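A short write-up of the structure that comes next.
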Amino acid sequence: MSYLVHTDADRALMLRRIGAASVDDLFTPIPRELRTTALDLPPGSPESEVAARVTSLAERNRTWGSRSFLGAGCYHIYVPAAVRSLTGRSEFATAYTPYQPEVSQGTLQHIFEFQTTISELTELPVANASMYDGASALAEGAFLAARHTSRDGILVSAGVHPEAREVVRTYASGPGLPVADLALDPSSGRTLVPDAARLEGAAAVLVQQPNFFGIIEDLEPLAEAAHAAGALLVVSQNLLAAGLLAPPGQVGADVAVGDVQPFGNPPNYGGPFAGFMACADSYVRQLPGRLVGETLDADGRRCFTLTMQAREQHIRRAKATSNICSNQALCALAATIHLALLGPTGLRELGATCIARAHYLHQRLTELPGVSSAHDGPFFNEFAIRLPVDAALFAESLRELGVDPGVPLGRFDPAWTPLLLVAVTEINSPRDLDAYVDAAADALAHPKEAVHDR
Amino acid sequence: MSYLVHTDADRALMLRRIGAASVDDLFTPIPRELRTTALDLPPGSPESEVAARVTSLAERNRTWGSRSFLGAGCYHIYVPAAVRSLTGRSEFATAYTPYQPEVSQGTLQHIFEFQTTISELTELPVANASMYDGASALAEGAFLAARHTSRDGILVSAGVHPEAREVVRTYASGPGLPVADLALDPSSGRTLVPDAARLEGAAAVLVQQPNFFGIIEDLEPLAEAAHAAGALLVVSQNLLAAGLLAPPGQVGADVAVGDVQPFGNPPNYGGPFAGFMACADSYVRQLPGRLVGETLDADGRRCFTLTMQAREQHIRRAKATSNICSNQALCALAATIHLALLGPTGLRELGATCIARAHYLHQRLTELPGVSSAHDGPFFNEFAIRLPVDAALFAESLRELGVDPGVPLGRFDPAWTPLLLVAVTEINSPRDLDAYVDAAADALAHPKEAVHDR
Amino acid sequence: MTDDCRGSRLEPLTFDRSRPGHRGATVPTAGVPAAPIAHLLAGASLRTRPPALPELSEPEIVRHYTRLSHLNHSVDLGMYPLGSCTMKYNPKINDEVAQARGFTDLHPYQTEDDAQGTLELMWELEQALLVVTGMCRATLQPAAGAHGELVGILMIRAFHRDNGGASRDTVIVPDSAHGTNLATATMAGYKVVELKSSDRGLIDLDTLRSNLSEKTAALMLTNPNTLGLFEEDILEITRLTHEAGALVYYDGANLNAIMGKARPGDMGMDVVHMNLHKTFSTPHGGGGPGAGPLAVCARLEPYLPAPLVSRRDPNEAPMRRADCREGCASGPDDDGACCPRFGLDYDRPASIGRVRGFYGNVGVLERAYAYILSMGGDGLTQASEDAVMNANYLRTRLSGTYDIPHDRLCMHEFVASASRQKRDTGVAARDVAKRILDHGVHAPTIYFPLIVPEALMIEPTETESLAGLDAFVDILVAIDREAHESPEVVTGAPHTTPIRRPDETRAARDPMLRWRSDTG
Amino acid sequence: MTDDCRGSRLEPLTFDRSRPGHRGATVPTAGVPAAPIAHLLAGASLRTRPPALPELSEPEIVRHYTRLSHLNHSVDLGMYPLGSCTMKYNPKINDEVAQARGFTDLHPYQTEDDAQGTLELMWELEQALLVVTGMCRATLQPAAGAHGELVGILMIRAFHRDNGGASRDTVIVPDSAHGTNLATATMAGYKVVELKSSDRGLIDLDTLRSNLSEKTAALMLTNPNTLGLFEEDILEITRLTHEAGALVYYDGANLNAIMGKARPGDMGMDVVHMNLHKTFSTPHGGGGPGAGPLAVCARLEPYLPAPLVSRRDPNEAPMRRADCREGCASGPDDDGACCPRFGLDYDRPASIGRVRGFYGNVGVLERAYAYILSMGGDGLTQASEDAVMNANYLRTRLSGTYDIPHDRLCMHEFVASASRQKRDTGVAARDVAKRILDHGVHAPTIYFPLIVPEALMIEPTETESLAGLDAFVDILVAIDREAHESPEVVTGAPHTTPIRRPDETRAARDPMLRWRSDTG
Ligand SMILES: Cc1ncc(COP(=O)(O)O)c(C=O)c1O
Ligand SMILES: Cc1ncc(COP(=O)(O)O)c(C=O)c1O
């Protein structure tokens, strides 16, 4: 209980000044029949014991360091220590949403820098202060399109992460927006461009770049088809590729969303990360979430403040563009700092290292007997291979050899049981890649029987 | 090389403005025959690789957590996270010695708080801003006494840590101060009070409290004897005991020194910690090292500044009280914060837990066949036991059973080969103590043959 | 003399400071035989212009953000009595343990075997939250309070769909409600009806009755409400609502008032979200990440988003502890004598589906878990007691100086008003707030709840010391005096902050939402 | 209006804030059967009065030190051109890796087997430092530069004792020397003779010759010297000194100028200390901890403090890499193909003995090691080049405005003077320094070295960007203008810092060196 600040003497004094005979008196507004006297939880512990307990839980987890090839929307990228050091500063960490700009310029300015960073990476003029995560940002992107077009149909590419597709459906279940899938070309792994009939009444076409299978989509024809039908193209973008691939804004997307995770935010069993949303100017008034704008203070100094709040729940209430209030500011800051440390050159080089290593591994793996590439479209740092065995079994074997080889896709769809999704980043050294290939060759030579765990 | 800030274009521009044709030109003041062009060191590495390398070294070390019973001047005490968080703040960590008080009040004030804290714990009116460590502080204490008394003899109790005794001798070798030992009473383990003849010409009597063997010295008779002979009593004090034992100032010590290590500073293979030195008012002008004093600024606000600098090397140069310049400010801050978090109650409770557990373990161990207490004087949280075997062999056996049982004293003196020095703190839970006793019983029942390592 | 404490503290944008060719982090080179990038990416559209990310060295970036940090107020710098936000102390140990490699490196698609530590933590956290709320089962997915609200209302919709209530199209909220409640209802496809509060600042039973109908899907409320007042008729409120076939949603933003004192489950709540970034001490981060776990009663349990964290005994039979008014499970089982195994339960056919990727803001959950361990049951109860005592202390001490529309026992916060000052001196709530900033203290929440004019919504939290509370009273009393003696000092405030009041109109009129090279 | 940016930023002492009964950390209770303390401590004198440590909660303590931190300037907040101090950027990764449990939990008396990681790090660090300095062997024990100096001079004393030089009683230092050099010599029992520098700011060979004698034990110098000037006659200086039977001590405080460019070993130095907290980027901590490793030539090696870190091949034969002008060892061995084993070598009979407990400021060594890995040989060389370039850039740009007594190529720092300003406007070096503080930049070192009147000793370091350097020039030029136009602005400075100039006389007259309850 070291965070409590009063002594019993303090309490007695305060109660006296309040005019209450006891603490219980303060709780008399609670109907007697509701009142409880204690919580059925263990007593508090000294910090040393808490540290020991939580650390032992962390140690109970097993992690794989540079021998992990798991991606599928969450990537192992080295986060520089400066990111942790700066985001850990309590002035950032222990502040609330910057409601009082005079004492919140630190937060406001880094959000403004985040908005600029996202705008640059998406090549769309406006970005908001962050969303919960990439998946919920995609759902909010669909809602934005529905509001803007006054339509309700949502078309989601089968190349969008299955969990993000599920989130879109969950969100859509409220207002009852119909959601339909767009198929992939089985050989290239790219989204097939829907025809006009398919697009009729659609508010939005949602695609992911690179898509769930790592394949780089051809966005231009999708944008053209969507626009011809009066729908918006919403792209879920992996920022890891943003230094090299054409950004959504360059190829006609109306809205870009995604998750900043690869930058500044380690996997951490899936969160916290930060979603982002950027759009063309015409949709600004429909943007959900906070926006920071530049202005001048009473002395004419440049400064920053929350702006366009008429879109938001605390002003517009029932008519807000979204219910979002707290977002993921500190995770967005981590991404902003990491990307500033990389700069355009570092971002490009990081991408180049990821690509080169991924292609090297892809080549070596698909040379193994029975292993083939799942698709022949271009890919960035992630690809799916088709195995001659259940991918989960294969993974199990490789884990016994010290390599966590990728995500067995059967967990998402039984039809994908032979598929393994492999992600390669700059943390996987050439030695790790070769170890992977060796282990894979070994495992394929001696296949396993049963899956112990999903 | 991510810490270099110039581009080649910057460099070209700067050289142009300097009027130099090349970087080499800037180094022309160095005689040509001395000039080298490169360092025979590996090329630089990206941060991810540095982190991996250094972390792998850390992982190559083996540590024992709460199953370590090593002390002997360096204790495992849980350091609260707030200490790390606050000392890690770059305003403290990346500042220099507070030469410009107007922009250094943070450092100056926490040093003032440190001085007050040490003054309270030693019960001596003045403490300095810190010394390198406890051992060198003891040597400086001897020097202070020599300057003050204009004598040169240094008497060191055999109960002082052997390494500290060695440091006193090393320091004394410069001005050639004669150093002699004071024996311990073999049964109690307490320093025998020297007679007047022994004390003749002595500048200082140096003792440690509790002493190296964990025994609580009786300081009053030592103080009386020293004072009667015109010598100063310099006490090396373990602050861990400071909440309960009579502080040096209460029992007649003139100077107290020691190491703050138990507070705020984890073992870290022996450093960095911080030494401290406190003394009675009459010796202030002889104090080595920095002192922070309270004063007022030009607007009458209370503030702090380095003071009495006429003692120090940068003013007094060859006539300074010591050559010390940088001390251990950040380690002292860690101790100050840890002690502030504990407060008088926490310090007392910490001591009480250490004592109770140490006495429990002592009792249980000395009940084992062949194990006896090395001394019968009172002890605090540390004690020496005499084993029926080489203590190093015994330790080796216990380590195989998961307990690092203490420091085998043969490393300091072959005569001490059967002695094991055991320290108990609040991190050693009752379960750890029982595990120790069980392992010891087991090891004594099945003794070992050869020592593998010191 | 042109010296100015402000100007020198402001900081240009990274983008302003950027100079071509500079860089911070270096990245390993590929180190494998590889074709040129253009070849490897053949068939993909490439970026034609590099993104204008800042080009700066690491030392410059560190300096930039360190300097920026000095422009913020924060809990670690001073009192932060922002009503409804529970800005309590965020313990350092929580941040530290959450940095353990075993947590941060864990990939969400590793096997359950690999993730036993985190899964156990999530399971235990869920149990603790159920104990505090008196509910039956919880999802840890929601990233914030409002996210939890959306999940809860979507579950209510699913429940009605399956129980003949598909035509229920309205959600009722009190007029004191937080904006998220209304926005959530809309987002989930409902119409919103606002209930006028009674003179006592509470829900009026008659008004409620007249609004409840066969169209009502749910009533959303928070208790204590945003005035800091406990809804004394809460049992009648939930009874009436249930009688009308509607469900009751409990916005747990104010849970800090009642831990160990009363449980939403006992009040008859069907769905409850918690803000771990408020009640459970996780840092708010200047606007997140938070976490908004959502706990439900038994009849809503089937609709929870999948996956849930489950605990199985070694024979793989699912086990569960619960502590819910409906007795939905067999009660606490003994604690893991036999190495329980934790897993993710996807087999939930009635689930509304997931509302985010992966499983939740796990890093936030870790911190809340550590907090609960530190505090224990007694500590949490004491926290609520102290929070309520602190609020009442401030209320009592300020009531002579500021109007307090509902000046009776409050819970963890209360709403004062500057209407008297406004009327007598022209000094508005906003001015009082700005003037508070000059004293190194954050302002209360202002102009909320909407039903109090010139509202100053004050929540000291339990981690504010008596000395801190007294200092705050002194500040507010001094400002009242200033308002009368030299109002321009207050209306011109703040005077000592890094900037003075920003021109909000200018910001909104022609929004500049990102850096442009020409505006540097 | 009484608003003031300063006042509100100051902070009382913890002791002022203390209130009886409050506490921060809680401690586990004993949990074992035990007699009462008084009984367990029977025979010991007990404390009669509890120490007046502050009684405060953790939230209050965190707030206190966070607020205190805001009163400091630091490298992370702005330029810190403190001459002789090498306030370069302190990389964050170094602090982070040093926090690894495997390092921090390691007890100094664990077995060598347990400590292989740390021992390997220490060994490799020693090797790298030998490469940089061109010396033969090093001790990592000294806690700071001055500590290294003491070790070095004590070793020189031991060497003379063993080599017929027991009567040598004098150490020579240039008049530009740092105070520690003189104080060290005294502390080691030597007399000190100061050498007057030449007009060129260097050691004058004739003056040196006339001071060298059979009484001379050593010459201590730093090169580049404290004026930032390289001792061009260095080879002749060391030759002459050696000829006189004396040794040469190299104060490595200024090593940042010459990494990869020249080696003290090649200059003929016998003993060299380094300040890892300067050249090797470890944070200075507001006054330590630093580390002052001391490297020596072969003939002094026997005297190094024990223990040294040793490397053994698997058959336990000691191995060593060296790179010393005297060819004291066989040169680099190949790197650990066969799992070398590292140990502590205590078997050094001629050792002067240890100078501290345990083995050194290991946490500082870890940071320096990480820095060397990051930079590599190329990076360190480039660091010195950039450091020298930055200093010359500032020197060139400032030379029109300030007197620069030795206005020729400098190394990593240079000494300007405010004497012209003093003469013309009454503005002294101290005033210029104080006025610099108003601009968010730290002042240079002032009034040192003593041989330059109104000295402003400026060391920008290599981590200051061109933009930062230009801004610094602008500040200094503006101050010169102010000195002429409105000198009281400068003599009254600083104006925007948390406090104004403290009354040093008052502080020294009646020293208040600790808090007292009555002075609160
Ligand atoms: C009463 C109430 N409800 C809901 C919320 C929304 O919570 P969050 O910001 O976590 O989404 C808040 C936050 O301020 C609140 O005070
Ligand atoms: C030239 C010179 N020598 C010696 C020292 C002393 O170094 P330390 O403070 O590490 O003891 C310094 C430090 O300022 C210095 O500049």
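Scheme for the structure tokens: letters A, B, ... for chains in order shown; per-chain residue numbers from 1; ligand numbers from 1 in order shown.
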At a cut-off of 7 Å, can you tabulate as JSON lines every residue of segment 49-70 of chain C near segment 89-107 of chain A together with its closest atom pair and the distance in Å to one decimal, using only C-alpha atoms and ordering rows by chain then number?
{"residue": "C:Leu68", "atom": "CA", "partner": "A:Gly106", "partner_atom": "CA", "distance": 4.4}
{"residue": "C:Ser69", "atom": "CA", "partner": "A:Gly106", "partner_atom": "CA", "distance": 5.1}
{"residue": "C:His70", "atom": "CA", "partner": "A:Gly106", "partner_atom": "CA", "distance": 6.9}
Just to be explicit: take each residue in the selection above, keep all heavy atoms, and write the result as a CSV table (one decimal), in the first residue's frame.
chain,number,residue,atom,x,y,z
C,68,LEU,N,10.8,19.0,-25.3
C,68,LEU,CA,9.3,19.0,-25.4
C,68,LEU,C,8.6,18.5,-24.1
C,68,LEU,O,7.6,19.1,-23.6
C,68,LEU,CB,8.8,18.0,-26.5
C,68,LEU,CG,8.8,18.5,-27.9
C,68,LEU,CD1,7.9,17.5,-28.7
C,68,LEU,CD2,8.1,19.9,-28.0
C,69,SER,N,9.3,17.5,-23.5
C,69,SER,CA,8.7,17.0,-22.3
C,69,SER,C,8.5,18.1,-21.2
C,69,SER,O,7.6,18.0,-20.4
C,69,SER,CB,9.5,15.8,-21.7
C,69,SER,OG,10.6,16.2,-21.1
C,70,HIS,N,9.5,19.0,-21.2
C,70,HIS,CA,9.4,20.1,-20.2
C,70,HIS,C,8.2,21.1,-20.4
C,70,HIS,O,8.0,21.9,-19.6
C,70,HIS,CB,10.7,20.8,-20.2
C,70,HIS,CG,11.8,20.1,-19.3
C,70,HIS,ND1,12.6,20.8,-18.4
C,70,HIS,CD2,12.1,18.8,-19.3
C,70,HIS,CE1,13.4,19.9,-17.8
C,70,HIS,NE2,13.1,18.7,-18.3
Please report, as JSON lines, each residue of chain A lying at most 9 Å from chain D, together with the nearest pair of atoms and the separation in Å rounded to one decimal; use only C-alpha atoms, and order rows by chain and ascending residue number.
{"residue": "A:Met1", "atom": "CA", "partner": "D:Thr26", "partner_atom": "CA", "distance": 7.6}
{"residue": "A:Ser2", "atom": "CA", "partner": "D:Gly24", "partner_atom": "CA", "distance": 5.5}
{"residue": "A:Tyr3", "atom": "CA", "partner": "D:Glu58", "partner_atom": "CA", "distance": 6.1}
{"residue": "A:Leu4", "atom": "CA", "partner": "D:Ser57", "partner_atom": "CA", "distance": 7.1}
{"residue": "A:Val5", "atom": "CA", "partner": "D:Ser57", "partner_atom": "CA", "distance": 5.3}
{"residue": "A:His6", "atom": "CA", "partner": "D:His22", "partner_atom": "CA", "distance": 6.9}
{"residue": "A:Thr7", "atom": "CA", "partner": "D:His22", "partner_atom": "CA", "distance": 6.0}
{"residue": "A:Asp8", "atom": "CA", "partner": "D:Gly21", "partner_atom": "CA", "distance": 8.6}
{"residue": "A:Ala9", "atom": "CA", "partner": "D:Gly21", "partner_atom": "CA", "distance": 8.4}
{"residue": "A:Ser45", "atom": "CA", "partner": "D:Pro28", "partner_atom": "CA", "distance": 8.1}
{"residue": "A:Pro46", "atom": "CA", "partner": "D:Thr26", "partner_atom": "CA", "distance": 5.3}
{"residue": "A:Glu47", "atom": "CA", "partner": "D:Thr26", "partner_atom": "CA", "distance": 7.2}
{"residue": "A:Ser48", "atom": "CA", "partner": "D:Val27", "partner_atom": "CA", "distance": 8.0}
{"residue": "A:Glu49", "atom": "CA", "partner": "D:Pro28", "partner_atom": "CA", "distance": 8.3}
{"residue": "A:Pro80", "atom": "CA", "partner": "D:Ile93", "partner_atom": "CA", "distance": 7.3}
{"residue": "A:Ala81", "atom": "CA", "partner": "D:Ile93", "partner_atom": "CA", "distance": 4.9}
{"residue": "A:Ala82", "atom": "CA", "partner": "D:Lys92", "partner_atom": "CA", "distance": 5.3}
{"residue": "A:Val83", "atom": "CA", "partner": "D:Lys92", "partner_atom": "CA", "distance": 8.9}
{"residue": "A:Arg84", "atom": "CA", "partner": "D:Lys92", "partner_atom": "CA", "distance": 8.8}
{"residue": "A:Ser85", "atom": "CA", "partner": "D:Lys92", "partner_atom": "CA", "distance": 6.8}
{"residue": "A:Ser90", "atom": "CA", "partner": "D:Thr66", "partner_atom": "CA", "distance": 8.4}
How would the residues just picked look written out with all heavy atoms as a short mmCIF file (atom, residue, chain, number, x, y, z; two decimals), in the first residue's frame?
data_model
loop_
_atom_site.label_atom_id
_atom_site.label_comp_id
_atom_site.auth_asym_id
_atom_site.auth_seq_id
_atom_site.Cartn_x
_atom_site.Cartn_y
_atom_site.Cartn_z
N MET A 1 0.82 -1.23 0.00
CA MET A 1 0.00 0.00 0.00
C MET A 1 0.84 1.25 0.00
O MET A 1 0.45 2.27 0.58
CB MET A 1 -0.86 0.03 1.26
CG MET A 1 -1.81 -1.12 1.34
SD MET A 1 -3.09 -0.68 2.50
CE MET A 1 -3.42 -2.28 3.23
N SER A 2 1.98 1.19 -0.61
CA SER A 2 2.85 2.35 -0.48
C SER A 2 2.36 3.55 -1.29
O SER A 2 2.98 4.59 -1.24
CB SER A 2 4.28 2.00 -0.86
OG SER A 2 4.29 0.98 -1.80
N TYR A 3 1.28 3.42 -2.04
CA TYR A 3 0.83 4.58 -2.82
C TYR A 3 -0.21 5.39 -2.08
O TYR A 3 -0.72 6.36 -2.63
CB TYR A 3 0.32 4.12 -4.19
CG TYR A 3 1.20 3.08 -4.80
CD1 TYR A 3 0.69 1.91 -5.30
CD2 TYR A 3 2.59 3.27 -4.83
CE1 TYR A 3 1.52 0.94 -5.84
CE2 TYR A 3 3.43 2.31 -5.35
CZ TYR A 3 2.89 1.15 -5.85
OH TYR A 3 3.71 0.19 -6.37
N LEU A 4 -0.57 4.95 -0.91
CA LEU A 4 -1.51 5.75 -0.13
C LEU A 4 -0.72 6.80 0.64
O LEU A 4 0.41 6.56 1.04
CB LEU A 4 -2.31 4.84 0.81
CG LEU A 4 -3.19 3.83 0.04
CD1 LEU A 4 -3.80 2.83 0.98
CD2 LEU A 4 -4.27 4.55 -0.77
N VAL A 5 -1.29 7.96 0.78
CA VAL A 5 -0.48 9.07 1.25
C VAL A 5 -0.87 9.58 2.63
O VAL A 5 -0.17 10.42 3.19
CB VAL A 5 -0.53 10.25 0.25
CG1 VAL A 5 0.02 9.81 -1.10
CG2 VAL A 5 -1.94 10.79 0.09
N HIS A 6 -1.98 9.09 3.16
CA HIS A 6 -2.43 9.65 4.43
C HIS A 6 -2.02 8.78 5.62
O HIS A 6 -2.02 7.56 5.52
CB HIS A 6 -3.96 9.76 4.47
CG HIS A 6 -4.52 10.71 3.46
ND1 HIS A 6 -3.95 11.91 3.17
CD2 HIS A 6 -5.62 10.62 2.68
CE1 HIS A 6 -4.67 12.53 2.25
NE2 HIS A 6 -5.69 11.77 1.92
N THR A 7 -1.76 9.43 6.72
CA THR A 7 -1.68 8.71 7.99
C THR A 7 -3.07 8.70 8.61
O THR A 7 -3.96 9.45 8.19
CB THR A 7 -0.73 9.40 8.97
OG1 THR A 7 -1.22 10.73 9.19
CG2 THR A 7 0.68 9.48 8.40
N ASP A 8 -3.23 7.89 9.61
CA ASP A 8 -4.53 7.89 10.29
C ASP A 8 -4.80 9.25 10.92
O ASP A 8 -5.95 9.70 10.98
CB ASP A 8 -4.57 6.77 11.33
CG ASP A 8 -4.73 5.42 10.65
OD1 ASP A 8 -5.16 5.39 9.47
OD2 ASP A 8 -4.42 4.40 11.27
N ALA A 9 -3.72 9.90 11.34
CA ALA A 9 -3.91 11.23 11.92
C ALA A 9 -4.44 12.21 10.86
O ALA A 9 -5.34 13.01 11.13
CB ALA A 9 -2.60 11.73 12.50
N SER A 45 1.11 -6.25 -1.14
CA SER A 45 2.46 -6.79 -0.99
C SER A 45 3.48 -5.68 -1.11
O SER A 45 3.28 -4.72 -1.84
CB SER A 45 2.75 -7.79 -2.09
OG SER A 45 1.84 -8.85 -2.07
N PRO A 46 4.64 -5.85 -0.43
CA PRO A 46 5.73 -4.91 -0.66
C PRO A 46 6.19 -4.99 -2.11
O PRO A 46 6.02 -6.02 -2.77
CB PRO A 46 6.85 -5.40 0.27
CG PRO A 46 6.23 -6.40 1.18
CD PRO A 46 4.99 -6.90 0.53
N GLU A 47 6.77 -3.92 -2.57
CA GLU A 47 7.17 -3.84 -3.97
C GLU A 47 8.08 -4.98 -4.39
O GLU A 47 7.97 -5.51 -5.50
CB GLU A 47 7.86 -2.49 -4.23
CG GLU A 47 8.19 -2.30 -5.68
CD GLU A 47 8.87 -0.97 -5.96
OE1 GLU A 47 8.40 0.07 -5.47
OE2 GLU A 47 9.88 -0.98 -6.69
N SER A 48 8.97 -5.38 -3.50
CA SER A 48 9.91 -6.44 -3.87
C SER A 48 9.16 -7.71 -4.24
O SER A 48 9.54 -8.42 -5.18
CB SER A 48 10.88 -6.71 -2.72
OG SER A 48 10.17 -6.98 -1.53
N GLU A 49 8.09 -7.98 -3.53
CA GLU A 49 7.34 -9.21 -3.81
C GLU A 49 6.53 -9.08 -5.09
O GLU A 49 6.39 -10.03 -5.85
CB GLU A 49 6.46 -9.58 -2.62
CG GLU A 49 7.31 -10.03 -1.44
CD GLU A 49 6.53 -10.20 -0.14
OE1 GLU A 49 5.29 -10.21 -0.16
OE2 GLU A 49 7.19 -10.31 0.92
N PRO A 80 15.09 1.32 -30.89
CA PRO A 80 16.24 1.96 -30.24
C PRO A 80 15.93 2.37 -28.80
O PRO A 80 14.80 2.75 -28.47
CB PRO A 80 16.50 3.20 -31.10
CG PRO A 80 15.87 2.91 -32.42
CD PRO A 80 14.69 2.03 -32.12
N ALA A 81 16.94 2.30 -27.97
CA ALA A 81 16.77 2.62 -26.55
C ALA A 81 16.28 4.05 -26.35
O ALA A 81 15.56 4.33 -25.38
CB ALA A 81 18.09 2.42 -25.81
N ALA A 82 16.65 4.95 -27.24
CA ALA A 82 16.21 6.34 -27.07
C ALA A 82 14.69 6.42 -27.07
O ALA A 82 14.10 7.28 -26.40
CB ALA A 82 16.80 7.23 -28.17
N VAL A 83 14.04 5.55 -27.80
CA VAL A 83 12.58 5.55 -27.84
C VAL A 83 12.02 5.24 -26.46
O VAL A 83 11.15 5.94 -25.95
CB VAL A 83 12.05 4.54 -28.88
CG1 VAL A 83 10.53 4.44 -28.80
CG2 VAL A 83 12.51 4.89 -30.28
N ARG A 84 12.57 4.20 -25.85
CA ARG A 84 12.08 3.84 -24.50
C ARG A 84 12.40 4.93 -23.50
O ARG A 84 11.59 5.29 -22.65
CB ARG A 84 12.72 2.52 -24.06
CG ARG A 84 12.11 1.30 -24.72
CD ARG A 84 12.80 0.02 -24.28
NE ARG A 84 14.14 -0.10 -24.83
CZ ARG A 84 14.42 -0.52 -26.05
NH1 ARG A 84 13.45 -0.87 -26.87
NH2 ARG A 84 15.66 -0.60 -26.47
N SER A 85 13.61 5.45 -23.61
CA SER A 85 14.02 6.46 -22.66
C SER A 85 13.12 7.70 -22.75
O SER A 85 12.70 8.25 -21.73
CB SER A 85 15.48 6.81 -22.95
OG SER A 85 15.86 7.97 -22.31
N SER A 90 8.27 10.87 -17.53
CA SER A 90 6.96 10.93 -16.89
C SER A 90 6.14 12.12 -17.34
O SER A 90 4.93 12.10 -17.24
CB SER A 90 7.11 10.91 -15.37
OG SER A 90 7.84 12.03 -14.93
#
### Task
Give the residue list for ligand 1 at 8 Å, counting only C-alpha atoms and all ligand atoms, as a PyMOL selection string, sorted by chain and then by residue number.
(chain A and resi 323-327) or (chain C and resi 83-85+143-149+177-181+222+225-226+251-254+275+277+287-288+290-292)
### Message
Write out as a PyMOL selection string the set of residues from segment 149-346 of chain B that DSSP, computed on the backbone, places in strand (DSSP E).
### Response
chain B and resi 153-157+179-182+202-209+232-237+255-259+275-279+292-296+302-306
### Query
as a ChimeraX atom specification, which residues of segment 132-229 of chain B does DSSP assign to helix (DSSP H, G or I)?
/B:134-149,162-173,196-199,219-228
### Non-local contacts of Asn390 of chain D (9 Å; only C-alpha atoms; under 5 positions in same chain excluded) as a ChimeraX atom specification
/B:14 /D:385,395,412-413,459-462,464-466,469
### Query
Can you tell me, as a VMD selection string, what residues are no more than 9 Å from Pro267 of chain A when counting only C-alpha atoms, ignoring any on the same chain fewer than 6 positions away?
(chain A and resid 74 to 77 261 273) or (chain C and resid 103 to 108)
### Task
Pull out every residue of chain C that has at least one atom within 8 Å of chain D, counting only C-alpha atoms, and report them as a list of chain:residue names.
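Therefore, the residues near the partner are C:Met1, C:Asp3, C:Asp4, C:Cys5, C:Ser8, C:Arg9, C:Pro59, C:Glu60, C:Val62, C:Arg63, C:His64, C:Thr66, C:Arg67, C:His70, C:Val75, C:Asp76, C:Leu77, C:Gly78, C:Tyr89, C:Pro91, C:His439, C:Gly440, C:Thr463, C:Ser465, C:Val489, C:His495, C:Thr496, C:Thr497.
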### Shell around Val193 of chain A at 8 Å using only C-alpha atoms, local window under 4 positions removed, as a PyMOL selection string
chain A and resi 221-222+225
### Query
Nearest to chain A: which of B:Ser68, B:Thr63, B:Thr117, B:Asn428 is it, counting only C-alpha atoms?
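Closest candidate: B:Asn428.
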